[in-house]
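Novice: Sharing a structure, written as structure tokens. Questions coming.
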There are 2 protein chains.
Amino acid sequence: MGDDEVRWLKPDELQAWMTLAGLMFKLPAALDVQLQRDSGLTHFEYLVLAGLSESPERSRPMSDLAGFANGSLSRLSHVVKRLEQRGFVRRCPSPADGRITVATLTDAGYEELVAAAPGHVATVRQYVIDALTPEQLSQLKTIGDQILQKVDPGRAC
Amino acid sequence: MGDDEVRWLKPDELQAWMTLAGLMFKLPAALDVQLQRDSGLTHFEYLVLAGLSESPERSRPMSDLAGFANGSLSRLSHVVKRLEQRGFVRRCPSPADGRITVATLTDAGYEELVAAAPGHVATVRQYVIDALTPEQLSQLKTIGDQILQKVDPGRAC
DNA sequence: ACGATTAGGTTGATGCGTCAACTGATGGTT
DNA sequence: AACCATCAGTTGACGCATCAACCTAATCGT
């Protein structure tokens with residue numbers, strides 16, 4: 001593998017990258033800490049409940065839900081099993097297509113989400129939204145979308 | 001807890017946040033996939049080796065290294081133990097202060113890092129640097145630093 | 001100088017995520 | 001109609017991160 005011509009990162013590129021790397025390590029951890037402490041939920045679990053709550057019938061196929069929550073189907077399956085054991089979610093096969101499993105948010109799950117939401121939203125505001133100007137927020141969305149397109153082309157074609 | 005006055009996210013705030021959330025989930029995963037497949041290293045392990053390589057004597061106290069790699073001391077301890085078993089790192093107590101353990105990069109560890117670096121840098125370029133304009137890169141650094149200051153105040157006082 | 005407190009690291013148990021293998025259902029082919 | 005390939009989802013084993021408990025060395029107070 002003749003890798004003689006590596007384009008190393010220039011100082012300012014390196015700095016920007018290290019900042020982003022730090023962000024990727026610390027922001028998820030900080031969000032999980034708050035949610036776990038105040039609500040006993042993971043950020044991923046929160047996204048699952050939220051994804052169900054905003055769907056018609058509070059129901060959604062597993063694959064669909066996995067895409068929304070940015071996780072693999074396998075991960076979702078494990079998580080939903082635990083959420084089901086806690087009484088927050090139900091699962092039943094779709095009558096239309098026997099391969100599809102539809103997850104449904106229970107009343108208890110909805111209560112849990114409603115209880116967790118204010119604290120979570122406040123944290124997101126504190127760490128992200130209120131730390132930036134509206135213009136920066138819009139820059140962030142543009143930048144994030146561009147990176148995501150490279151990382152994961154073909155999400156939402 | 002009278003949380004009657006929750007400041008929910010406005011649509012554009014929500015969109016920006018969901019983009020950032022997607023980024024936090026997918027970018028680390030994508031980086032780990034490349035490093036793991038091509039070099040058998042985690043991104044965190046890579047940062048540990050890199051942090052040692054750029055230090056005088058290729059050595060650094062554990063706490064210092066943990067801060068550089070954005071991880072807890074406990075996590076670093078486990079990881080360094082594995083890296084030591086693989087022959088990439090040595091550990092010995094500091095003669096100056098018996099509490100301190102200094103980790104040292106071995107020649108084998110340096111070789112490993114040198115072998116992994118080009119592929120990793122190319123991936124970072126592909127996913128991040130080359131996806132953005134120089135101006136966006138500078139915006140990203142500013143934005144990331146502002147968020148990090150909220151998330152983790154008192155890193156690099 | 002001696003006891004208490006703090007700082008730096010390590011360890012073991014627990015829980016979650018990933019991967020590969022597998023099951024069942026559906027659609028297409030001949 | 002029988003078969004094969006594909007799709008949706010589940011499961012179990014394995015590896016890593018987290019947390020709490022613990023240990024030793026250094027420092028502080030008196």
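Each chain of the structure tokens is named A, B, ... in the order shown, its residues numbered from 1; ligands are numbered from 1 in display order.
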Quick one: everything within 9 Å of Gln149 (chain B), counting only C-alpha atoms (C1' of nucleotides), minus sequence neighbours fewer than 5 positions away in the same chain. Send it as a PyMOL selection string.
Specialist: (chain A and resi 127+131) or (chain B and resi 144+154-155)
Novice: When you look at Gly98 (chain B) with a cut-off of 10 Å (counting only C-alpha atoms (C1' of nucleotides)), what residues show up, excluding the ones that are within fewer than 5 positions of it in the same chain? I need them as number ranges by chain.
Specialist: B: 92-93; C: 8; D: 24-26
Novice: Contacts between chain A and chain B, please, where a residue of chain B counts if it comes within 6 Å (with only C-alpha atoms); show its shortest atom pair and distance in Å to one decimal, rows by chain and ascending number, as a tab-separated table.
Specialist:
residue	atom	partner	partner_atom	distance
B:Ala16	CA	A:Lys141	CA	4.6
B:Thr19	CA	A:Gly144	CA	6.0
B:Met24	CA	A:Met24	CA	5.4
B:Tyr127	CA	A:Lys150	CA	5.4
B:Val128	CA	A:Ile147	CA	5.7
B:Lys141	CA	A:Ala16	CA	4.6
B:Gly144	CA	A:Thr19	CA	6.0
B:Ile147	CA	A:Val128	CA	5.7
B:Lys150	CA	A:Tyr127	CA	5.4
B:Val151	CA	A:Tyr127	CA	5.7
Novice: So the first atom is CA of Arg90 (chain A) and the second is CA of Ala103 (chain A); what is the distance between them in Å, to one decimal place?
Specialist: 5.7 Å
Novice: Listing only residues of chain B within 10 Å of chain D, what is the closest atom pair and its distance in Å (to one decimal) for each, using only C-alpha atoms (C1' of nucleotides), sorted by chain and residue number ascending, as CSV?
Specialist:
residue,atom,partner,partner_atom,distance
B:Gly71,CA,D:DA17,C1',9.9
B:Ser72,CA,D:DT18,C1',9.3
B:Ser74,CA,D:DT18,C1',8.5
B:Arg75,CA,D:DA17,C1',6.6
B:His78,CA,D:DC16,C1',9.2
B:Val79,CA,D:DC16,C1',9.0
B:Asp97,CA,D:DA25,C1',7.7
B:Gly98,CA,D:DA25,C1',5.7
B:Arg99,CA,D:DA25,C1',5.2
B:Ile100,CA,D:DA25,C1',8.9
Novice: Kindly save the residues from that selection, with C-alpha atoms included, as an mmCIF file, in the first residue's frame.
Specialist:
data_model
loop_
_atom_site.group_PDB
_atom_site.id
_atom_site.type_symbol
_atom_site.label_atom_id
_atom_site.label_comp_id
_atom_site.auth_asym_id
_atom_site.auth_seq_id
_atom_site.Cartn_x
_atom_site.Cartn_y
_atom_site.Cartn_z
ATOM 1 C CA GLY B 71 -11.870 9.668 28.964
ATOM 2 C CA SER B 72 -12.107 8.758 32.612
ATOM 3 C CA SER B 74 -10.775 4.221 35.037
ATOM 4 C CA ARG B 75 -11.428 3.744 31.370
ATOM 5 C CA HIS B 78 -8.421 -0.682 31.550
ATOM 6 C CA VAL B 79 -7.404 0.307 28.040
ATOM 7 C CA ASP B 97 5.892 11.143 42.858
ATOM 8 C CA GLY B 98 5.060 7.566 43.776
ATOM 9 C CA ARG B 99 1.354 8.093 43.172
ATOM 10 C CA ILE B 100 1.850 8.886 39.522
#
Novice: Mind the document's chain letters and residue numbers, and return as a PyMOL selection string the residues of chain B that DSSP labels helix (DSSP H, G or I).
Specialist: chain B and resi 11-39+43-53+56-58+62-68+73-85+107-127+129-131+134-151
Novice: What are the closest atom pairs, with distances in Å to one decimal, for each residue of chain C lying within 9 Å of chain B, using only C-alpha atoms (C1' of nucleotides), rows by chain and rising residue number, as a Markdown table?
Specialist:
| residue | atom | partner | partner_atom | distance |
| --- | --- | --- | --- | --- |
| C:DA7 | C1' | B:Arg99 | CA | 7.9 |
| C:DG8 | C1' | B:Arg99 | CA | 5.2 |
| C:DG9 | C1' | B:Thr101 | CA | 7.4 |
| C:DT10 | C1' | B:Ser77 | CA | 7.2 |
Novice: Those residues you just picked out, can you put them in a file as a compact mmCIF listing (two decimals), in the first residue's frame with C-alpha atoms (C1' of nucleotides)?
Specialist:
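Result written to out24.txt:
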# COMPACT_ATOMS: atom_id res chain seq x y z
C1' DA C 7 -4.68 12.83 44.99
C1' DG C 8 -3.48 9.23 41.51
C1' DG C 9 -4.54 4.59 39.99
C1' DT C 10 -6.33 0.07 39.97
Novice: Have a look at CA of Arg37 (chain A) and CA of Leu76 (chain A) and let me know their distance in Å, one decimal.
Specialist: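 Separation of CA of Arg37 (chain A) and CA of Leu76 (chain A): 21.7 Å.
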Novice: How many Å lie between CA of Tyr46 (chain B) and C1' of DG17 (chain C), rounded to one decimal?
Specialist: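 Computing it gives 19.9 Å between the two atoms.
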Novice: Quick one: residues within 12 Å of Leu49 (chain B), only C-alpha atoms (C1' of nucleotides), excluding same-chain residues fewer than 2 positions away - as a ChimeraX atom specification?
Specialist: /B:41-47,51-55,58-60,65-66,68-69,76,79-80,83-84,87-90,103-117
